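Here's the structure, in structure tokens; my notes come after.
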Amino acid sequence: MPVAAGMVRSLRPFYGVHHDGVCNLRCFYCYEKHSKPDLAAVRRAIEASLRLAARAGYRDVAFESGELLLLPFWREALGLARSLGFEHIVLVTNMTLLDERTLDELAAGGLTTIAGTFFCLDDAEGRRVAGMPGIFTRQRRAAALLVRHPGIELIPHFIVTRRFARRPLASIRALLEMIGVSAPTLVVSAVE
């Protein structure tokens with residue numbers, strides 16, 4: 001069983017690093033305040049969170065909220081997490097910024113898992129939810145790269161919108177088939 005899947009199935013505690021970072025999408029359901037942040041303050045907050053989690057004894061950490069990859073110091077944040085001894089380092093992401101080079105850098109930086117957030121079954125629905133074109137196409141491309149990447153596990157994270165909720169299991173099956181993932185573990189969140 002993959003390490004992160006075991007973590008999820010066993011409900012092993014993890015520390016979620018939240019920050020007032022930026023995001024490249026404008027999802028209608030988002031509760032985060034994604035504005036132009038004070039990057040120095042965001043960096044200090046992330047570093048303080050990681051140190052607090054390490055002192056508290058957490059072995060697993062997840063970078064949540066905002067898109068960590070949009071922060072100019074994301075590599076340093078991963079490096080700090082690794083140097084603090086976290087066993088599992090997870091990135092929650094909308095997957096639209098992932099390419100081969102970035103995945104290689106993430107793996108080299110100690111990232112073990114990507115929780116890829118999906119909220120649509122096609123680009124039209126992606127535009128309705130997040131106000132931008134081509135979202136699902138980029139997510140599919142990233143998922144195809146991830147399932148072949150030897151160093152990072154993909155755990156799909158499904159956001160259940162009204163369209164997904166009409167036929168939730170069929171929607172999840174269709175999405176898994178479209179992105180080419182046979183996930184033993186997935187995360188589901190409802191927003192509408």
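Identifiers for the structure tokens are assigned positionally: chains receive A, B, ... in sequence, residues are indexed from 1 per chain, and ligands are indexed from 1 in the order shown.
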Margin query: Applying 9 Å and only C-alpha atoms, which residues near Leu84 of chain A remain after dropping the ones on its own chain fewer than 2 positions away? List them as a PyMOL selection string.
Written below: chain A and resi 50-51+54+79-82+86
Next item on the list: Mind checking which residues fall within 8 Å of Ala142 of chain A, counting only C-alpha atoms, ignoring those fewer than 5 positions away in the same chain, and posting them as JSON, numbers by chain?
Entry: {"A": [95, 96, 98, 99]}
Next item on the list: Do a neighbour search on Leu69 of chain A at 12 Å with only C-alpha atoms, toss out local chain neighbours closer than 3 positions, and write the hits as a ChimeraX atom specification.
Entry: /A:21-24,63-66,72-78,91-99,102-103,105-106
Save the residues we just selected, N, CA and C atoms, as a PDB file, in the first residue's frame?
ATOM      1  N   GLY A  21      -1.730  32.715   0.644  1.00  0.00           N
ATOM      2  CA  GLY A  21      -1.061  32.781  -0.643  1.00  0.00           C
ATOM      3  C   GLY A  21      -2.035  33.080  -1.759  1.00  0.00           C
ATOM      4  N   VAL A  22      -1.528  33.051  -2.941  1.00  0.00           N
ATOM      5  CA  VAL A  22      -2.333  33.368  -4.110  1.00  0.00           C
ATOM      6  C   VAL A  22      -2.840  32.081  -4.749  1.00  0.00           C
ATOM      7  N   CYS A  23      -3.808  32.233  -5.656  1.00  0.00           N
ATOM      8  CA  CYS A  23      -4.341  31.116  -6.403  1.00  0.00           C
ATOM      9  C   CYS A  23      -4.548  31.579  -7.837  1.00  0.00           C
ATOM     10  N   ASN A  24      -4.419  30.666  -8.765  1.00  0.00           N
ATOM     11  CA  ASN A  24      -4.608  31.023 -10.166  1.00  0.00           C
ATOM     12  C   ASN A  24      -6.032  30.777 -10.653  1.00  0.00           C
ATOM     13  N   PHE A  63       0.589  20.948   2.601  1.00  0.00           N
ATOM     14  CA  PHE A  63       0.482  22.353   2.213  1.00  0.00           C
ATOM     15  C   PHE A  63      -0.883  22.549   1.578  1.00  0.00           C
ATOM     16  N   GLU A  64      -1.737  23.312   2.265  1.00  0.00           N
ATOM     17  CA  GLU A  64      -3.111  23.542   1.816  1.00  0.00           C
ATOM     18  C   GLU A  64      -3.317  25.035   1.593  1.00  0.00           C
ATOM     19  N   SER A  65      -4.419  25.376   1.005  1.00  0.00           N
ATOM     20  CA  SER A  65      -4.866  26.756   0.759  1.00  0.00           C
ATOM     21  C   SER A  65      -3.925  27.524  -0.152  1.00  0.00           C
ATOM     22  N   GLY A  66      -4.495  28.170  -1.138  1.00  0.00           N
ATOM     23  CA  GLY A  66      -3.666  28.848  -2.123  1.00  0.00           C
ATOM     24  C   GLY A  66      -2.901  27.819  -2.939  1.00  0.00           C
ATOM     25  N   PRO A  72       7.152  32.358  -4.733  1.00  0.00           N
ATOM     26  CA  PRO A  72       8.528  32.271  -5.239  1.00  0.00           C
ATOM     27  C   PRO A  72       9.454  31.434  -4.360  1.00  0.00           C
ATOM     28  N   PHE A  73       9.047  31.135  -3.153  1.00  0.00           N
ATOM     29  CA  PHE A  73       9.893  30.391  -2.213  1.00  0.00           C
ATOM     30  C   PHE A  73       9.359  28.989  -1.930  1.00  0.00           C
ATOM     31  N   TRP A  74       8.592  28.412  -2.851  1.00  0.00           N
ATOM     32  CA  TRP A  74       8.020  27.089  -2.587  1.00  0.00           C
ATOM     33  C   TRP A  74       9.107  26.027  -2.408  1.00  0.00           C
ATOM     34  N   ARG A  75      10.192  26.147  -3.139  1.00  0.00           N
ATOM     35  CA  ARG A  75      11.279  25.166  -2.998  1.00  0.00           C
ATOM     36  C   ARG A  75      11.873  25.219  -1.591  1.00  0.00           C
ATOM     37  N   GLU A  76      12.045  26.427  -1.081  1.00  0.00           N
ATOM     38  CA  GLU A  76      12.599  26.583   0.270  1.00  0.00           C
ATOM     39  C   GLU A  76      11.625  26.041   1.317  1.00  0.00           C
ATOM     40  N   ALA A  77      10.332  26.210   1.104  1.00  0.00           N
ATOM     41  CA  ALA A  77       9.333  25.690   2.044  1.00  0.00           C
ATOM     42  C   ALA A  77       9.394  24.166   2.093  1.00  0.00           C
ATOM     43  N   LEU A  78       9.507  23.532   0.923  1.00  0.00           N
ATOM     44  CA  LEU A  78       9.656  22.071   0.889  1.00  0.00           C
ATOM     45  C   LEU A  78      10.956  21.648   1.559  1.00  0.00           C
ATOM     46  N   LEU A  91       1.109  17.995  -1.043  1.00  0.00           N
ATOM     47  CA  LEU A  91       0.692  19.258  -1.644  1.00  0.00           C
ATOM     48  C   LEU A  91      -0.732  19.105  -2.132  1.00  0.00           C
ATOM     49  N   VAL A  92      -1.634  19.944  -1.625  1.00  0.00           N
ATOM     50  CA  VAL A  92      -2.999  20.017  -2.132  1.00  0.00           C
ATOM     51  C   VAL A  92      -2.982  21.089  -3.211  1.00  0.00           C
ATOM     52  N   THR A  93      -3.365  20.709  -4.435  1.00  0.00           N
ATOM     53  CA  THR A  93      -3.239  21.613  -5.566  1.00  0.00           C
ATOM     54  C   THR A  93      -4.356  21.389  -6.576  1.00  0.00           C
ATOM     55  N   ASN A  94      -4.652  22.427  -7.359  1.00  0.00           N
ATOM     56  CA  ASN A  94      -5.632  22.267  -8.435  1.00  0.00           C
ATOM     57  C   ASN A  94      -4.998  21.655  -9.680  1.00  0.00           C
ATOM     58  N   MET A  95      -3.728  21.375  -9.641  1.00  0.00           N
ATOM     59  CA  MET A  95      -2.961  20.645 -10.655  1.00  0.00           C
ATOM     60  C   MET A  95      -2.779  21.372 -11.979  1.00  0.00           C
ATOM     61  N   THR A  96      -3.187  22.613 -12.087  1.00  0.00           N
ATOM     62  CA  THR A  96      -3.075  23.314 -13.369  1.00  0.00           C
ATOM     63  C   THR A  96      -1.665  23.854 -13.625  1.00  0.00           C
ATOM     64  N   LEU A  97      -0.796  23.813 -12.625  1.00  0.00           N
ATOM     65  CA  LEU A  97       0.553  24.349 -12.771  1.00  0.00           C
ATOM     66  C   LEU A  97       1.621  23.258 -12.858  1.00  0.00           C
ATOM     67  N   LEU A  98       1.199  22.007 -12.943  1.00  0.00           N
ATOM     68  CA  LEU A  98       2.147  20.900 -12.917  1.00  0.00           C
ATOM     69  C   LEU A  98       2.610  20.518 -14.321  1.00  0.00           C
ATOM     70  N   ASP A  99       3.914  20.362 -14.456  1.00  0.00           N
ATOM     71  CA  ASP A  99       4.517  19.824 -15.672  1.00  0.00           C
ATOM     72  C   ASP A  99       5.634  18.881 -15.232  1.00  0.00           C
ATOM     73  N   THR A 102       8.426  20.502 -13.027  1.00  0.00           N
ATOM     74  CA  THR A 102       7.948  20.843 -11.686  1.00  0.00           C
ATOM     75  C   THR A 102       7.775  19.584 -10.846  1.00  0.00           C
ATOM     76  N   LEU A 103       7.234  18.528 -11.423  1.00  0.00           N
ATOM     77  CA  LEU A 103       7.087  17.277 -10.677  1.00  0.00           C
ATOM     78  C   LEU A 103       8.441  16.732 -10.243  1.00  0.00           C
ATOM     79  N   GLU A 105      11.123  18.490  -9.670  1.00  0.00           N
ATOM     80  CA  GLU A 105      11.612  19.368  -8.591  1.00  0.00           C
ATOM     81  C   GLU A 105      10.888  19.075  -7.277  1.00  0.00           C
ATOM     82  N   LEU A 106       9.573  18.836  -7.363  1.00  0.00           N
ATOM     83  CA  LEU A 106       8.806  18.523  -6.160  1.00  0.00           C
ATOM     84  C   LEU A 106       9.304  17.232  -5.520  1.00  0.00           C
TER      85      LEU A 106
END
Next item on the list: Using atom CA of Cys120 of chain A and atom CA of Leu71 of chain A as the two end points, give the distance in Å to one decimal.
Entry: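 Straight-line distance from atom CA of Cys120 of chain A to atom CA of Leu71 of chain A works out to 25.2 Å.
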